[in-house]
Amino acid sequence: MSRRIRTAEESARRESALTKEAMRTLLADSTAPRDPRSRGDHYRAHLVDAHRIIETLQLRIKEVEAERDKAKADRDYSLSLCVTRTAAEEARLSAFRLAREEAAILMEGKDGEPTAQSEAIREKVKDPKPRWTR
């Protein structure tokens with residue numbers, strides 16, 4: 001698309017926006033009464049309505065911010081309950097090694113003397129393959 005066409009499109013959009021704003025202003029002025037006293041009352045009534053709407057929106061904003069803060073707190077709590085894959089894998093492997101050593105200790109003779117069975121457990125039972133990490 002050439003620069004000239006894009007500029008013409010932008011110009012048309014700007015003209016359209018200016019025309020809409022002028023129509024709004026014209027409409028607002030045409031609905032106002034001609035008498036200056038009643039015109040002031042007319043604008044004051046619109047201001048009162050605008051202030052009511054602003055107060056309502058401010059309350060809604062506070063509610064939405066409270067909901068957002070609650071959602072953030074819930075997310076932080078949920079994340080605090082989570083464990084990383086690496087930490088879970090390390091815990092899994094350490095539990096397996098502990099169980100293997102306990103089995104070897106149970107197979108030892110009196111006074112903790114190593115036996116062929118306890119040594120076979122220590123040597124031949126390998127660590128499991130990682131489940132969650134590589």
# chains A, B, ... in the order shown; residues from 1 in each chain; ligands from 1
call {"tool": "residues_around", "arguments": {"residues": "region 68-85 of chain A", "least_positions_apart": "5", "cutoff": "9 Å", "atoms": "only C-alpha atoms", "output": "PyMOL selection string"}}
result
chain A and resi 63+90+132-133
call {"tool": "write_last_selection", "arguments": {"atoms": "C-alpha atoms", "output": "PDB file, in the first residue's frame"}}
result
ATOM      1  CA  GLU A  63     -14.420  -4.137  43.988  1.00  0.00           C
ATOM      2  CA  GLU A  90      15.809 -35.289  44.089  1.00  0.00           C
ATOM      3  CA  TRP A 132      10.350 -36.014  35.637  1.00  0.00           C
ATOM      4  CA  THR A 133      13.781 -34.710  34.632  1.00  0.00           C
TER       5      THR A 133
END
call {"tool": "residues_around", "arguments": {"residues": "Leu106 (chain A)", "least_positions_apart": "3", "cutoff": "12 Å", "atoms": "only C-alpha atoms", "output": "count of residues only"}}
result
17
call {"tool": "atom_distance", "arguments": {"atom1": "CA of Pro128 (chain A)", "atom2": "CA of Phe96 (chain A)"}}
result
7.9 Å
call {"tool": "residues_around", "arguments": {"residues": "Leu98 (chain A)", "least_positions_apart": "6", "cutoff": "12 Å", "atoms": "only C-alpha atoms", "output": "ChimeraX atom specification"}}
result
/A:91-92,104-105,122,127
call {"tool": "write_last_selection", "arguments": {"atoms": "N, CA and C atoms", "output": "tab-separated table (two decimals), in the first residue's frame"}}
result
chain	number	residue	atom	x	y	z
A	91	ALA	N	14.05	-35.62	45.73
A	91	ALA	CA	13.41	-36.27	46.88
A	91	ALA	C	13.08	-37.73	46.56
A	92	ARG	N	12.62	-37.99	45.36
A	92	ARG	CA	12.29	-39.36	44.95
A	92	ARG	C	13.55	-40.24	44.96
A	104	ALA	N	19.74	-53.05	52.81
A	104	ALA	CA	21.09	-53.62	52.98
A	104	ALA	C	21.43	-53.77	54.46
A	105	ILE	N	21.04	-52.79	55.26
A	105	ILE	CA	21.30	-52.87	56.70
A	105	ILE	C	20.54	-54.03	57.31
A	122	ARG	N	23.56	-53.40	47.73
A	122	ARG	CA	24.21	-52.11	47.51
A	122	ARG	C	24.78	-51.98	46.09
A	127	ASP	N	20.06	-47.07	40.87
A	127	ASP	CA	19.11	-45.98	41.05
A	127	ASP	C	18.07	-46.03	39.91
call {"tool": "atom_distance", "arguments": {"atom1": "CA of Glu89 (chain A)", "atom2": "CA of Lys126 (chain A)"}}
result
15.6 Å
call {"tool": "decode", "arguments": {"residues": "region 85-98 of chain A", "atoms": "all heavy atoms", "output": "CSV table (one decimal), in the first residue's frame"}}
result
chain,number,residue,atom,x,y,z
A,85,ARG,N,10.0,-29.6,39.6
A,85,ARG,CA,10.3,-31.0,39.1
A,85,ARG,C,11.7,-31.5,39.6
A,85,ARG,O,11.8,-32.6,40.0
A,85,ARG,CB,10.3,-31.0,37.6
A,85,ARG,CG,9.0,-30.9,37.0
A,85,ARG,CD,9.0,-30.9,35.5
A,85,ARG,NE,7.7,-30.8,35.0
A,85,ARG,CZ,7.4,-30.9,33.7
A,85,ARG,NH1,8.4,-31.2,32.8
A,85,ARG,NH2,6.2,-30.8,33.3
A,86,THR,N,12.6,-30.6,39.7
A,86,THR,CA,14.0,-31.0,40.1
A,86,THR,C,13.9,-31.4,41.6
A,86,THR,O,14.5,-32.4,42.0
A,86,THR,CB,14.9,-29.8,39.9
A,86,THR,OG1,14.8,-29.3,38.6
A,86,THR,CG2,16.4,-30.2,40.1
A,87,ALA,N,13.3,-30.6,42.4
A,87,ALA,CA,13.2,-30.9,43.8
A,87,ALA,C,12.4,-32.2,44.1
A,87,ALA,O,12.8,-33.0,44.9
A,87,ALA,CB,12.5,-29.8,44.6
A,88,ALA,N,11.4,-32.4,43.3
A,88,ALA,CA,10.6,-33.7,43.4
A,88,ALA,C,11.5,-34.9,43.0
A,88,ALA,O,11.4,-35.9,43.7
A,88,ALA,CB,9.3,-33.6,42.6
A,89,GLU,N,12.2,-34.7,41.9
A,89,GLU,CA,13.1,-35.8,41.5
A,89,GLU,C,14.2,-36.1,42.5
A,89,GLU,O,14.5,-37.3,42.8
A,89,GLU,CB,13.7,-35.4,40.1
A,89,GLU,CG,14.4,-36.6,39.4
A,89,GLU,CD,13.4,-37.7,39.0
A,89,GLU,OE1,12.4,-37.3,38.4
A,89,GLU,OE2,13.6,-38.8,39.3
A,90,GLU,N,14.8,-35.1,43.1
A,90,GLU,CA,15.8,-35.3,44.1
A,90,GLU,C,15.2,-36.0,45.3
A,90,GLU,O,15.9,-36.9,45.9
A,90,GLU,CB,16.4,-33.9,44.5
A,90,GLU,CG,17.3,-33.3,43.4
A,90,GLU,CD,17.7,-31.9,43.8
A,90,GLU,OE1,17.4,-31.4,44.9
A,90,GLU,OE2,18.4,-31.3,43.0
A,91,ALA,N,14.0,-35.6,45.7
A,91,ALA,CA,13.4,-36.3,46.9
A,91,ALA,C,13.1,-37.7,46.6
A,91,ALA,O,13.3,-38.6,47.4
A,91,ALA,CB,12.1,-35.5,47.3
A,92,ARG,N,12.6,-38.0,45.4
A,92,ARG,CA,12.3,-39.4,44.9
A,92,ARG,C,13.5,-40.2,45.0
A,92,ARG,O,13.5,-41.4,45.5
A,92,ARG,CB,11.7,-39.3,43.6
A,92,ARG,CG,11.3,-40.7,43.0
A,92,ARG,CD,10.6,-40.5,41.6
A,92,ARG,NE,10.5,-41.7,40.9
A,92,ARG,CZ,11.4,-42.2,40.0
A,92,ARG,NH1,12.4,-41.4,39.7
A,92,ARG,NH2,11.3,-43.3,39.5
A,93,LEU,N,14.6,-39.7,44.4
A,93,LEU,CA,15.9,-40.5,44.3
A,93,LEU,C,16.5,-40.7,45.7
A,93,LEU,O,17.0,-41.8,46.1
A,93,LEU,CB,16.9,-39.8,43.4
A,93,LEU,CG,16.6,-39.8,41.9
A,93,LEU,CD1,17.6,-39.0,41.2
A,93,LEU,CD2,16.5,-41.3,41.4
A,94,SER,N,16.4,-39.7,46.6
A,94,SER,CA,16.9,-39.8,47.9
A,94,SER,C,16.1,-40.8,48.7
A,94,SER,O,16.7,-41.6,49.5
A,94,SER,CB,17.0,-38.5,48.7
A,94,SER,OG,15.7,-38.0,48.9
A,95,ALA,N,14.8,-40.9,48.5
A,95,ALA,CA,14.0,-41.9,49.2
A,95,ALA,C,14.3,-43.3,48.7
A,95,ALA,O,14.4,-44.2,49.6
A,95,ALA,CB,12.5,-41.5,48.9
A,96,PHE,N,14.6,-43.4,47.4
A,96,PHE,CA,14.9,-44.8,46.9
A,96,PHE,C,16.3,-45.2,47.5
A,96,PHE,O,16.4,-46.3,48.0
A,96,PHE,CB,15.0,-44.7,45.4
A,96,PHE,CG,15.4,-46.0,44.8
A,96,PHE,CD1,14.5,-47.0,44.6
A,96,PHE,CD2,16.8,-46.3,44.5
A,96,PHE,CE1,14.8,-48.3,44.1
A,96,PHE,CE2,17.1,-47.5,44.0
A,96,PHE,CZ,16.2,-48.5,43.8
A,97,ARG,N,17.3,-44.3,47.6
A,97,ARG,CA,18.6,-44.6,48.1
A,97,ARG,C,18.5,-45.0,49.6
A,97,ARG,O,19.1,-45.9,50.1
A,97,ARG,CB,19.5,-43.4,47.9
A,97,ARG,CG,19.9,-43.2,46.5
A,97,ARG,CD,20.9,-42.1,46.3
A,97,ARG,NE,21.0,-41.8,44.9
A,97,ARG,CZ,20.9,-40.6,44.3
A,97,ARG,NH1,20.5,-39.6,45.1
A,97,ARG,NH2,21.1,-40.5,43.0
A,98,LEU,N,17.6,-44.3,50.3
A,98,LEU,CA,17.4,-44.6,51.8
A,98,LEU,C,16.8,-45.9,51.9
A,98,LEU,O,17.2,-46.7,52.8
A,98,LEU,CB,16.5,-43.5,52.4
A,98,LEU,CG,16.2,-43.7,53.9
A,98,LEU,CD1,17.5,-43.5,54.7
A,98,LEU,CD2,15.2,-42.7,54.3
